[in-house]
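Student: The following file, query-v1.txt, comprises compact mmCIF, C-alpha atoms (C1' of nucleotides):
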```txt
# COMPACT_ATOMS: atom_id res chain seq x y z
CA MET A 1 58.82 50.08 63.74
CA GLN A 2 61.85 49.96 66.02
CA ASP A 3 63.58 52.46 63.76
CA ILE A 4 60.77 54.93 64.35
CA LEU A 5 61.29 54.63 68.08
CA PHE A 6 65.07 54.93 68.01
CA ASN A 7 64.86 57.79 65.61
CA PHE A 8 62.62 59.63 68.02
CA ILE A 9 64.86 58.94 71.00
CA SER A 10 67.92 60.09 69.10
CA LYS A 11 66.50 63.62 69.10
CA TYR A 12 67.15 63.73 72.82
CA ILE A 13 69.88 61.24 73.74
CA THR A 14 72.26 58.83 72.03
CA LEU A 15 71.87 55.11 72.65
CA THR A 16 74.47 52.33 72.33
CA GLU A 17 73.55 49.04 70.67
CA GLU A 18 73.49 47.40 74.07
CA GLU A 19 71.03 49.95 75.38
CA LYS A 20 68.83 49.50 72.34
CA ASN A 21 68.77 45.76 72.91
CA THR A 22 67.82 46.18 76.55
CA LEU A 23 64.92 48.34 75.47
CA LEU A 24 63.75 45.83 72.88
CA SER A 25 63.97 43.00 75.39
CA LEU A 26 61.23 44.66 77.44
CA ASN A 27 58.60 43.75 74.87
CA LEU A 28 57.04 47.17 74.72
CA PHE A 29 55.34 46.98 71.34
CA HIS A 30 51.61 46.30 71.21
CA SER A 31 49.16 46.12 68.34
CA VAL A 32 45.76 47.52 69.26
CA LYS A 33 42.50 47.36 67.31
CA LYS A 34 40.35 50.42 66.61
CA GLY A 35 37.73 50.94 69.30
CA THR A 36 39.69 49.22 72.05
CA VAL A 37 39.35 50.86 75.45
CA LEU A 38 42.84 50.97 76.93
CA LEU A 39 41.72 52.50 80.21
CA ALA A 40 38.20 53.00 81.55
CA GLN A 41 36.88 55.61 83.95
CA GLY A 42 37.12 54.26 87.50
CA GLN A 43 39.88 51.82 86.58
CA SER A 44 43.48 52.13 87.59
CA THR A 45 46.67 51.44 85.66
CA ASN A 46 50.28 52.37 85.79
CA ASN A 47 50.77 52.06 82.07
CA ASN A 48 52.07 54.78 79.82
CA TYR A 49 50.93 54.81 76.20
CA PHE A 50 53.14 56.09 73.41
CA VAL A 51 51.87 56.06 69.82
CA LEU A 52 54.21 54.71 67.14
CA LYS A 53 51.48 54.43 64.53
CA GLY A 54 47.79 55.24 64.71
CA CYS A 55 45.76 57.44 67.04
CA ILE A 56 44.41 57.28 70.57
CA ARG A 57 42.23 59.69 72.49
CA VAL A 58 41.30 60.75 76.02
CA TYR A 59 37.61 61.20 76.71
CA TYR A 60 35.17 61.64 79.55
CA ILE A 61 31.59 60.49 79.80
CA ILE A 62 29.60 63.27 81.44
CA ASP A 63 25.81 62.95 81.72
CA GLY A 64 25.99 60.07 79.25
CA GLU A 65 27.85 62.20 76.71
CA GLU A 66 31.33 61.58 75.40
CA LYS A 67 33.65 64.56 75.72
CA THR A 68 36.99 64.15 73.96
CA THR A 69 39.75 66.33 75.38
CA ALA A 70 42.88 65.04 73.65
CA PHE A 71 44.17 63.14 70.63
CA TYR A 72 47.59 61.53 70.46
CA THR A 73 49.09 60.53 67.14
CA GLU A 74 52.49 59.42 65.87
CA LEU A 75 55.29 60.09 68.37
CA GLU A 76 53.01 61.47 71.06
CA GLY A 77 52.21 59.81 74.36
CA VAL A 78 50.03 59.88 77.46
CA THR A 79 50.76 59.13 81.06
CA PRO A 80 47.30 58.86 82.58
CA HIS A 81 46.77 60.90 85.69
CA CYS A 82 45.85 57.76 87.63
CA ALA A 83 49.28 56.28 86.90
CA ILE A 84 50.89 59.19 88.71
CA ASN A 85 48.78 59.50 91.83
CA LYS A 86 47.37 55.96 92.12
CA THR A 87 43.72 56.96 92.04
CA PRO A 88 40.87 55.66 89.86
CA SER A 89 40.93 57.30 86.46
CA GLU A 90 38.48 60.13 85.76
CA TYR A 91 38.62 59.48 82.05
CA TYR A 92 38.80 56.87 79.32
CA VAL A 93 41.68 56.24 76.96
CA GLY A 94 40.52 54.71 73.70
CA CYS A 95 41.91 53.68 70.35
CA VAL A 96 40.69 55.76 67.41
CA GLU A 97 42.42 53.69 64.70
CA ASP A 98 44.20 50.35 64.53
CA SER A 99 47.45 51.37 66.20
CA ILE A 100 50.87 50.24 67.26
CA LEU A 101 51.64 51.45 70.75
CA LEU A 102 54.54 51.38 73.09
CA VAL A 103 53.12 50.38 76.46
CA SER A 104 55.41 50.79 79.45
CA ASN A 105 54.77 50.78 83.17
CA ASP A 106 56.42 52.13 86.29
CA ASP A 107 58.49 49.03 86.98
CA MET A 108 60.01 49.20 83.54
CA SER A 109 60.70 52.91 83.89
CA VAL A 110 62.47 52.37 87.16
CA GLU A 111 64.50 49.53 85.69
CA VAL A 112 65.51 51.47 82.60
CA ASN A 113 66.21 54.65 84.52
CA ASN A 114 68.49 52.75 86.87
CA LYS A 115 70.42 51.13 84.06
CA PHE A 116 70.64 54.27 81.94
CA PRO A 117 70.50 57.56 83.79
CA LYS A 118 70.29 59.37 80.47
CA PHE A 119 66.70 58.23 80.29
CA ASP A 120 65.94 60.40 83.25
CA THR A 121 67.33 63.34 81.33
CA MET A 122 65.16 62.56 78.34
CA CYS A 123 62.05 62.28 80.50
CA ARG A 124 62.71 65.65 82.02
CA MET A 125 63.22 67.23 78.61
CA LEU A 126 60.05 65.66 77.34
CA SER A 127 58.00 66.79 80.29
CA GLU A 128 59.24 70.36 80.04
CA GLU A 129 58.53 70.40 76.33
CA LEU A 130 55.07 69.02 77.00
CA LEU A 131 54.31 71.53 79.72
CA ALA A 132 55.20 74.45 77.47
CA LYS A 133 53.24 73.05 74.53
CA GLN A 134 50.20 72.38 76.67
CA ARG A 135 50.18 75.86 78.08
CA MET A 136 50.27 77.31 74.57
CA ASP A 137 47.38 75.09 73.54
CA PHE A 138 45.37 76.09 76.58
CA ASP A 139 45.97 79.80 76.01
CA GLU A 140 45.02 79.43 72.37
CA PHE A 141 41.84 77.61 73.30
CA LYS A 142 40.83 80.23 75.83
CA THR A 143 41.50 83.18 73.57
CA SER A 144 39.60 81.96 70.52
CA SER A 145 36.08 81.18 69.37
CA PRO A 146 35.01 77.70 68.22
CA GLU A 147 35.34 78.82 64.60
CA GLN A 148 38.85 80.17 65.15
CA ARG A 149 39.76 76.97 66.96
CA TYR A 150 38.59 74.92 64.01
CA LEU A 151 40.51 77.04 61.50
CA ASN A 152 43.52 76.74 63.75
CA LEU A 153 43.22 72.98 63.85
CA ILE A 154 43.19 72.89 60.04
CA GLN A 155 46.53 74.68 60.13
CA LYS A 156 48.19 72.77 62.92
CA ARG A 157 46.85 69.23 62.71
CA PRO A 158 45.17 68.84 59.32
CA ASP A 159 45.49 65.06 59.57
CA LEU A 160 43.14 64.94 62.57
CA ILE A 161 40.24 66.34 60.57
CA GLN A 162 40.58 63.46 58.12
CA ARG A 163 41.21 60.57 60.47
CA VAL A 164 38.96 61.39 63.42
CA PRO A 165 35.12 61.19 63.52
CA GLN A 166 33.48 64.62 63.43
CA HIS A 167 31.56 64.19 66.67
CA GLN A 168 34.84 63.51 68.50
CA LEU A 169 36.41 66.54 66.85
CA ALA A 170 33.43 68.64 67.90
CA SER A 171 33.79 67.96 71.59
CA TYR A 172 37.56 68.45 71.23
CA LEU A 173 36.71 71.96 69.98
CA GLY A 174 34.28 72.44 72.86
CA ILE A 175 31.05 72.31 70.85
CA LYS A 176 28.32 69.88 69.70
CA PRO A 177 28.55 67.91 66.44
CA GLN A 178 25.65 69.89 64.97
CA SER A 179 27.48 73.14 65.64
CA LEU A 180 30.58 71.82 63.93
CA SER A 181 28.56 70.92 60.84
CA ARG A 182 27.04 74.38 60.75
CA LEU A 183 30.38 76.02 61.33
CA ARG A 184 31.93 74.06 58.45
CA ALA A 185 29.08 75.05 56.16
CA ARG A 186 29.54 78.68 57.19
CA ILE A 187 33.23 78.58 56.39
CA SER A 188 32.96 76.92 53.00
CA GLU A 189 30.27 79.46 52.10
CA LYS A 190 32.67 82.31 52.86
CA LYS A 191 35.43 80.75 50.77
CA GLY A 192 33.42 79.57 47.75
CA MET B 1 58.39 86.29 104.33
CA GLN B 2 61.39 83.99 104.28
CA ASP B 3 59.51 81.56 106.47
CA ILE B 4 56.78 81.32 103.85
CA LEU B 5 59.37 80.35 101.26
CA PHE B 6 61.18 77.80 103.42
CA ASN B 7 57.89 76.33 104.53
CA PHE B 8 56.92 75.78 100.93
CA ILE B 9 60.25 74.22 100.02
CA SER B 10 60.10 71.90 103.00
CA LYS B 11 57.15 70.14 101.39
CA TYR B 12 59.54 68.79 98.79
CA ILE B 13 63.07 68.73 100.20
CA THR B 14 64.88 69.45 103.46
CA LEU B 15 67.33 72.33 103.59
CA THR B 16 70.26 72.89 105.95
CA GLU B 17 70.89 76.30 107.50
CA GLU B 18 73.80 76.77 105.16
CA GLU B 19 71.65 76.08 102.15
CA LYS B 20 69.02 78.49 103.39
CA ASN B 21 71.65 81.19 103.77
CA THR B 22 72.93 80.61 100.27
CA LEU B 23 69.43 81.06 98.96
CA LEU B 24 68.90 84.24 100.91
CA SER B 25 72.21 85.66 99.70
CA LEU B 26 70.88 85.63 96.13
CA ASN B 27 68.59 88.55 96.86
CA LEU B 28 65.51 87.01 95.30
CA PHE B 29 62.80 89.00 97.06
CA HIS B 30 61.15 91.85 95.21
CA SER B 31 58.32 94.17 96.11
CA VAL B 32 56.14 95.03 93.13
CA LYS B 33 53.38 97.64 92.84
CA LYS B 34 49.93 96.85 91.47
CA GLY B 35 49.74 97.44 87.74
CA THR B 36 53.42 96.89 87.09
CA VAL B 37 54.15 95.08 83.83
CA LEU B 38 56.79 92.48 84.61
CA LEU B 39 57.10 91.26 81.05
CA ALA B 40 55.66 92.77 77.86
CA GLN B 41 54.70 91.09 74.63
CA GLY B 42 57.69 91.14 72.28
CA GLN B 43 60.16 91.42 75.13
CA SER B 44 62.48 88.71 76.32
CA THR B 45 63.51 87.71 79.81
CA ASN B 46 64.93 84.72 81.55
CA ASN B 47 63.28 85.53 84.82
CA ASN B 48 60.99 83.21 86.74
CA TYR B 49 58.31 84.73 88.93
CA PHE B 50 57.10 83.07 92.10
CA VAL B 51 54.41 84.70 94.22
CA LEU B 52 54.99 84.90 97.96
CA LYS B 53 52.23 87.42 98.53
CA GLY B 54 49.84 89.02 96.09
CA CYS B 55 48.70 88.12 92.62
CA ILE B 56 50.08 88.27 89.09
CA ARG B 57 48.50 87.37 85.76
CA VAL B 58 49.36 86.34 82.23
CA TYR B 59 47.49 88.15 79.47
CA TYR B 60 47.53 88.68 75.74
CA ILE B 61 46.46 91.70 73.76
CA ILE B 62 44.58 90.48 70.70
CA ASP B 63 42.92 93.02 68.40
CA GLY B 64 43.40 95.63 71.11
CA GLU B 65 41.64 93.48 73.67
CA GLU B 66 43.14 92.07 76.84
CA LYS B 67 42.71 88.33 77.24
CA THR B 68 43.76 86.99 80.63
CA THR B 69 44.68 83.31 80.58
CA ALA B 70 46.17 82.71 84.02
CA PHE B 71 46.33 84.03 87.56
CA TYR B 72 49.07 83.14 90.02
CA THR B 73 48.60 83.73 93.73
CA GLU B 74 50.42 82.75 96.92
CA LEU B 75 52.91 79.91 96.38
CA GLU B 76 52.35 79.66 92.65
CA GLY B 77 54.82 80.64 89.97
CA VAL B 78 55.39 81.21 86.26
CA THR B 79 58.29 80.47 84.02
CA PRO B 80 57.46 82.48 80.90
CA HIS B 81 57.68 80.56 77.67
CA CYS B 82 60.25 83.02 76.34
CA ALA B 83 62.59 82.17 79.22
CA ILE B 84 62.69 78.57 78.03
CA ASN B 85 63.13 78.93 74.30
CA LYS B 86 64.74 82.37 74.08
CA THR B 87 62.12 83.93 71.83
CA PRO B 88 60.18 87.19 72.23
CA SER B 89 57.23 86.71 74.56
CA GLU B 90 53.77 86.30 73.07
CA TYR B 91 52.14 87.55 76.22
CA TYR B 92 52.31 90.03 79.08
CA VAL B 93 52.90 89.26 82.73
CA GLY B 94 51.37 91.87 85.01
CA CYS B 95 50.87 92.56 88.67
CA VAL B 96 47.23 92.48 89.83
CA GLU B 97 47.93 93.56 93.42
CA ASP B 98 50.86 95.00 95.33
CA SER B 99 52.91 91.82 95.62
CA ILE B 100 56.05 90.28 96.99
CA LEU B 101 57.69 88.08 94.40
CA LEU B 102 60.62 85.79 94.22
CA VAL B 103 62.40 86.63 90.99
CA SER B 104 65.06 84.20 89.84
CA ASN B 105 66.84 83.73 86.54
CA ASP B 106 68.65 80.97 84.69
CA ASP B 107 72.10 81.84 86.03
CA MET B 108 70.84 81.57 89.59
CA SER B 109 69.09 78.29 88.84
CA VAL B 110 72.25 76.83 87.39
CA GLU B 111 74.27 78.02 90.35
CA VAL B 112 71.86 76.68 92.93
CA ASN B 113 71.34 73.42 91.10
CA ASN B 114 75.09 72.87 90.99
CA LYS B 115 75.52 73.53 94.66
CA PHE B 116 72.47 71.56 95.76
CA PRO B 117 71.42 68.75 93.45
CA LYS B 118 68.28 68.31 95.52
CA PHE B 119 66.96 71.42 93.89
CA ASP B 120 66.88 69.56 90.63
CA THR B 121 64.72 66.96 92.26
CA MET B 122 62.34 69.58 93.56
CA CYS B 123 62.06 71.22 90.16
CA ARG B 124 61.18 67.94 88.56
CA MET B 125 58.53 67.23 91.18
CA LEU B 126 57.09 70.69 90.74
CA SER B 127 56.96 70.43 86.99
CA GLU B 128 55.26 67.04 87.09
CA GLU B 129 52.75 68.32 89.60
CA LEU B 130 52.14 71.34 87.42
CA LEU B 131 51.71 69.33 84.25
CA ALA B 132 49.08 67.10 85.87
CA LYS B 133 47.25 70.06 87.39
CA GLN B 134 47.24 71.95 84.14
CA ARG B 135 45.88 69.02 82.19
CA MET B 136 43.02 68.70 84.68
CA ASP B 137 42.27 72.41 84.36
CA PHE B 138 42.29 72.22 80.59
CA ASP B 139 39.98 69.20 80.52
CA GLU B 140 37.64 70.90 82.92
CA PHE B 141 37.59 74.04 80.81
CA LYS B 142 36.87 72.13 77.63
CA THR B 143 34.10 70.05 79.12
CA SER B 144 32.10 72.84 80.71
CA SER B 145 30.06 75.91 79.81
CA PRO B 146 30.97 79.44 80.93
CA GLU B 147 28.40 79.23 83.70
CA GLN B 148 29.75 75.90 84.95
CA ARG B 149 33.26 77.31 84.79
CA TYR B 150 32.23 80.26 86.93
CA LEU B 151 30.51 78.05 89.51
CA ASN B 152 33.58 75.89 89.50
CA LEU B 153 35.83 78.86 90.13
CA ILE B 154 33.70 79.82 93.13
CA GLN B 155 34.42 76.37 94.55
CA LYS B 156 38.08 76.12 93.73
CA ARG B 157 39.44 79.66 93.96
CA PRO B 158 36.86 81.79 95.75
CA ASP B 159 39.53 84.35 96.61
CA LEU B 160 40.07 85.21 92.92
CA ILE B 161 36.49 86.43 92.53
CA GLN B 162 37.08 88.94 95.31
CA ARG B 163 40.54 90.17 94.50
CA VAL B 164 40.52 90.29 90.69
CA PRO B 165 38.65 92.81 88.45
CA GLN B 166 35.59 91.31 86.80
CA HIS B 167 36.70 92.05 83.26
CA GLN B 168 39.90 90.07 83.85
CA LEU B 169 37.91 87.23 85.35
CA ALA B 170 35.59 87.27 82.36
CA SER B 171 38.30 86.68 79.81
CA TYR B 172 39.81 84.07 82.12
CA LEU B 173 36.45 82.28 81.82
CA GLY B 174 36.49 82.75 78.07
CA ILE B 175 33.70 85.34 77.85
CA LYS B 176 33.09 89.12 77.76
CA PRO B 177 32.58 91.22 80.91
CA GLN B 178 28.95 91.87 79.96
CA SER B 179 28.29 88.16 79.73
CA LEU B 180 29.82 87.60 83.14
CA SER B 181 27.55 90.25 84.63
CA ARG B 182 24.51 88.62 83.04
CA LEU B 183 25.62 85.17 84.11
CA ARG B 184 26.02 86.34 87.70
CA ALA B 185 22.56 87.91 87.67
CA ARG B 186 21.14 84.65 86.26
CA ILE B 187 22.74 82.62 89.03
CA SER B 188 21.66 84.84 91.93
CA GLU B 189 18.15 84.79 90.50
CA LYS B 190 18.10 80.99 90.62
CA LYS B 191 19.33 80.94 94.20
CA GLY B 192 17.15 83.71 95.66
C1' DA C 1 36.07 119.96 94.90
C1' DC C 2 36.09 118.82 90.17
C1' DA C 3 37.25 116.57 85.99
C1' DA C 4 38.89 112.37 83.88
C1' DC C 5 39.05 107.40 84.14
C1' DT C 6 38.10 102.89 85.28
C1' DC C 7 34.87 99.56 86.30
C1' DG C 8 30.67 97.05 86.66
C1' DT C 9 26.02 96.72 85.26
C1' DT C 10 22.06 97.12 82.22
C1' DC C 11 19.57 97.40 77.69
C1' DA C 12 18.34 96.38 72.90
C1' DC C 13 19.80 93.92 69.21
C1' DT C 14 22.70 90.47 66.57
C1' DT C 15 24.97 86.25 66.10
C1' DA C 16 26.24 81.76 67.24
C1' DA C 17 25.79 77.62 69.94
C1' DG C 18 22.46 74.08 72.32
C1' DT C 19 18.45 70.95 71.63
C1' DG C 20 15.49 67.53 69.67
C1' DA C 21 14.06 65.38 65.65
C1' DA C 22 14.51 63.57 61.08
C1' DG C 23 16.76 61.96 57.20
C1' DA C 24 20.82 61.06 54.06
C1' DA C 25 25.38 58.79 53.67
C1' DA C 26 28.85 55.75 54.82
C1' DG C 27 30.50 51.40 57.16
C1' DA C 28 30.25 46.91 59.42
C1' DG C 29 28.51 42.35 59.73
C1' DG C 30 26.06 38.58 58.31
C1' DC D 1 23.53 41.92 48.67
C1' DC D 2 20.84 43.60 52.21
C1' DT D 3 20.39 45.08 57.05
C1' DC D 4 21.70 47.41 61.06
C1' DT D 5 24.33 50.89 63.03
C1' DT D 6 27.07 54.73 63.25
C1' DT D 7 28.06 59.14 61.54
C1' DC D 8 27.05 63.42 59.49
C1' DT D 9 24.03 66.93 57.99
C1' DT D 10 19.87 69.73 57.98
C1' DC D 11 15.86 72.08 60.06
C1' DA D 12 13.09 74.72 63.40
C1' DC D 13 13.31 76.49 67.74
C1' DT D 14 15.50 77.92 72.27
C1' DT D 15 19.07 79.80 74.92
C1' DA D 16 23.20 82.09 75.78
C1' DA D 17 27.04 84.84 74.34
C1' DG D 18 28.80 88.99 71.38
C1' DT D 19 28.24 93.97 70.32
C1' DG D 20 27.66 98.82 70.95
C1' DA D 21 25.90 102.20 73.80
C1' DA D 22 24.60 104.33 78.06
C1' DC D 23 24.67 105.07 82.99
C1' DG D 24 26.08 105.21 87.83
C1' DA D 25 29.69 104.20 91.38
C1' DG D 26 34.12 104.43 92.75
C1' DT D 27 39.15 106.10 92.00
C1' DT D 28 42.86 109.03 90.77
C1' DG D 29 45.00 113.12 90.12
C1' DT D 30 45.20 117.99 90.18
```
Kindly present the structure from the file in structure tokens form.
Tutor:
Amino acid sequence: MQDILFNFISKYITLTEEEKNTLLSLNLFHSVKKGTVLLAQGQSTNNNYFVLKGCIRVYYIIDGEEKTTAFYTELEGVTPHCAINKTPSEYYVGCVEDSILLVSNDDMSVEVNNKFPKFDTMCRMLSEELLAKQRMDFDEFKTSSPEQRYLNLIQKRPDLIQRVPQHQLASYLGIKPQSLSRLRARISEKKG
Amino acid sequence: MQDILFNFISKYITLTEEEKNTLLSLNLFHSVKKGTVLLAQGQSTNNNYFVLKGCIRVYYIIDGEEKTTAFYTELEGVTPHCAINKTPSEYYVGCVEDSILLVSNDDMSVEVNNKFPKFDTMCRMLSEELLAKQRMDFDEFKTSSPEQRYLNLIQKRPDLIQRVPQHQLASYLGIKPQSLSRLRARISEKKG
DNA sequence: ACAACTCGTTCACTTAAGTGAAGAAAGAGG
DNA sequence: CCTCTTTCTTCACTTAAGTGAACGAGTTGT
């Protein structure tokens, strides 16, 4: 599991053995059961969640309905909005599958960043990468129909369709579960 | 016009007179006529555009149809995707109104960042702020209907509805101009 | 002043998504 | 193994968005 982490980091910066050990000494690894709510609406946290194995999601509850807006799988992470601006969270963060997460908080970040300035560099690279990726996703979402979005998802994240419940996928695509069913039927009719 | 810029910067960092003069010496200010295409699909640039006065937009042309995905008005800016990863641009950047822009490029950024490391700090703050804001916008878009999105826009950016052509607004809301017309009629019927 | 264009609205019609209900299928727990 | 629950699909019906066409208002250019 540690290898997965260090492998990921090595894409951005190079770590010495000493630095690796410092990281490991922070006790970042957490095993989380499917269904666990990591952060609830109205709560506050300064934790960051990074997925080493498994899947977590961000969702809202609006008029009693769950609306999923994001999935994070292997080597993706969330910094909840409330961790940045110290306000109660507007959304939930939940565990879709049994997962192994890297949970860090501000204190740790400050500590690590002080010891190893390269970490700062990595964070900046990551956040730029993320910003660009998110803008692309947003543009794609805006410029396509639900059906196109679904076909797109099949191309870009085929794993999600297998591992995530349909009703969560539906709201991720901006529609109701019934519409997703219909849409799938429509597509397989065209093909077959 | 310079005051507007320095006022904005002062929210993040404090500049000396010398630093201000260095900035001014770079000749960043540009006057741009309504309708001007700053960046075309397929083209490449390493310019950043920051709006001091006026309005610019990002749009795609898909199957011969314009799809506007973003508007930038006073004190907002774009760094086109192609400026980051040196690929041809997937979208257009155009001028909605006669505008005064601050146009900078990578060379300038490097130069300024070398001279004044605080600029680095400001850029990081800006990009974090932007990332958070964009995520909120995306979540909001996903979790609401076209009508809700329009009502929301009235609350959050009432100026846009006045200064931007309806057909551009429509695609920004993810619908066709005809649907926006209908939607507006529906709303004013409810109110009156 | 006139023609050409752009823009917003309206209409009739089509297509797809929302809604509420019901039932089949798959999983979880005892 | 059976029960309870969650998840997915299907159906009939409603509502809203897409489509293609037409019209009037406002602009631009000559």
Student: Per residue of chain A within 10 Å of chain B, which atom pair is closest and at what distance in Å (one decimal), using only C-alpha atoms, listed by chain and increasing number, as CSV?
Tutor:
```
residue,atom,partner,partner_atom,distance
A:Val58,CA,B:Asp139,CA,9.7
A:Tyr59,CA,B:Asp139,CA,9.2
A:Tyr60,CA,B:Thr143,CA,8.5
A:Ile61,CA,B:Thr143,CA,9.9
A:Ile62,CA,B:Thr143,CA,8.5
A:Glu66,CA,B:Thr143,CA,9.7
A:Lys67,CA,B:Thr143,CA,6.5
A:Thr68,CA,B:Thr143,CA,8.4
A:Thr69,CA,B:Asp139,CA,5.9
A:Ala70,CA,B:Asp139,CA,8.5
A:Thr79,CA,B:Ala132,CA,9.5
A:Pro80,CA,B:Ala132,CA,9.0
A:His81,CA,B:Ala132,CA,6.6
A:Ile84,CA,B:Ala132,CA,8.6
A:Asn85,CA,B:Ala132,CA,9.7
A:Glu90,CA,B:Met136,CA,9.8
A:Tyr91,CA,B:Asp139,CA,9.9
A:Cys123,CA,B:Arg124,CA,9.9
A:Arg124,CA,B:Arg124,CA,7.1
A:Ser127,CA,B:Glu128,CA,7.3
A:Glu128,CA,B:Ser127,CA,7.3
A:Glu129,CA,B:Ile84,CA,9.3
A:Leu130,CA,B:Leu131,CA,8.0
A:Leu131,CA,B:Leu131,CA,5.7
A:Ala132,CA,B:His81,CA,6.6
A:Lys133,CA,B:His81,CA,9.3
A:Gln134,CA,B:Arg135,CA,7.8
A:Arg135,CA,B:Gln134,CA,7.8
A:Met136,CA,B:His81,CA,8.7
A:Asp137,CA,B:Phe138,CA,9.2
A:Phe138,CA,B:Phe138,CA,6.4
A:Asp139,CA,B:Thr69,CA,5.9
A:Glu140,CA,B:Thr69,CA,9.1
A:Phe141,CA,B:Lys142,CA,8.6
A:Lys142,CA,B:Gly174,CA,5.5
A:Thr143,CA,B:Lys67,CA,6.4
A:Ser144,CA,B:Gly174,CA,8.2
A:Ser145,CA,B:Gly174,CA,8.9
A:Ser171,CA,B:Thr143,CA,7.8
A:Tyr172,CA,B:Lys142,CA,7.4
A:Leu173,CA,B:Lys142,CA,7.7
A:Gly174,CA,B:Lys142,CA,5.4
A:Ile175,CA,B:Lys142,CA,8.9
```
Student: Please return, as a list in words, all residues of chain D lying within 10 Å of chain B when only C-alpha atoms (C1' of nucleotides) are considered.
Tutor: DA16, DA17, DG18 and DT19 of chain D
Student: Neighbouring residues of D:DT15 were defined as those with any atom within 10 Å, considering only C-alpha atoms (C1' of nucleotides); residues of the same chain fewer than 5 positions away were excluded. Please report them as an mmCIF file with C-alpha atoms (C1' of nucleotides), in the coordinates of the input.
Tutor:
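The result, written out as part.cif:
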```cif
data_model
loop_
_atom_site.group_PDB
_atom_site.id
_atom_site.type_symbol
_atom_site.label_atom_id
_atom_site.label_comp_id
_atom_site.auth_asym_id
_atom_site.auth_seq_id
_atom_site.Cartn_x
_atom_site.Cartn_y
_atom_site.Cartn_z
ATOM 1 C "C1'" DA C 17 25.790 77.620 69.940
ATOM 2 C "C1'" DG C 18 22.460 74.080 72.320
ATOM 3 C "C1'" DT C 19 18.450 70.950 71.630
#
```
Student: Enter the distance from atom CA of A:His167 to atom C1' of D:DT9, in Å, rounded to one decimal.
Tutor: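 It comes out at 11.8 Å.
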Student: For the atom pair atom CA of A:Val78 and atom CA of A:Leu101, what is the interatomic distance in Å to one decimal place?
Tutor: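 Atom-to-atom, atom CA of A:Val78 to atom CA of A:Leu101, that is 10.9 Å.
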Student: Using all atoms listed in the file, which protein or nucleic acid residues come within 10 Å of B:Thr22? Drop anything in the same chain fewer than 6 positions from it, and give the result as a VMD selection string.
Tutor: chain B and resid 16 112 115
Student: Please produce an output containing C-alpha atoms for each residue in the selection, written as a PDB file, in the coordinates of the input.
Tutor:
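The new file out-v4.pdb reads:
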```pdb
ATOM      1  CA  THR B  16      70.260  72.890 105.950  1.00  0.00           C
ATOM      2  CA  VAL B 112      71.860  76.680  92.930  1.00  0.00           C
ATOM      3  CA  LYS B 115      75.520  73.530  94.660  1.00  0.00           C
TER       4      LYS B 115
END
```
Student: What's around B:Ser89 at 8 Å? Count all atoms listed in the file, leave out sequence neighbours fewer than 4 positions away in its own chain, and write the answer as a count of residues only.
Tutor: 9
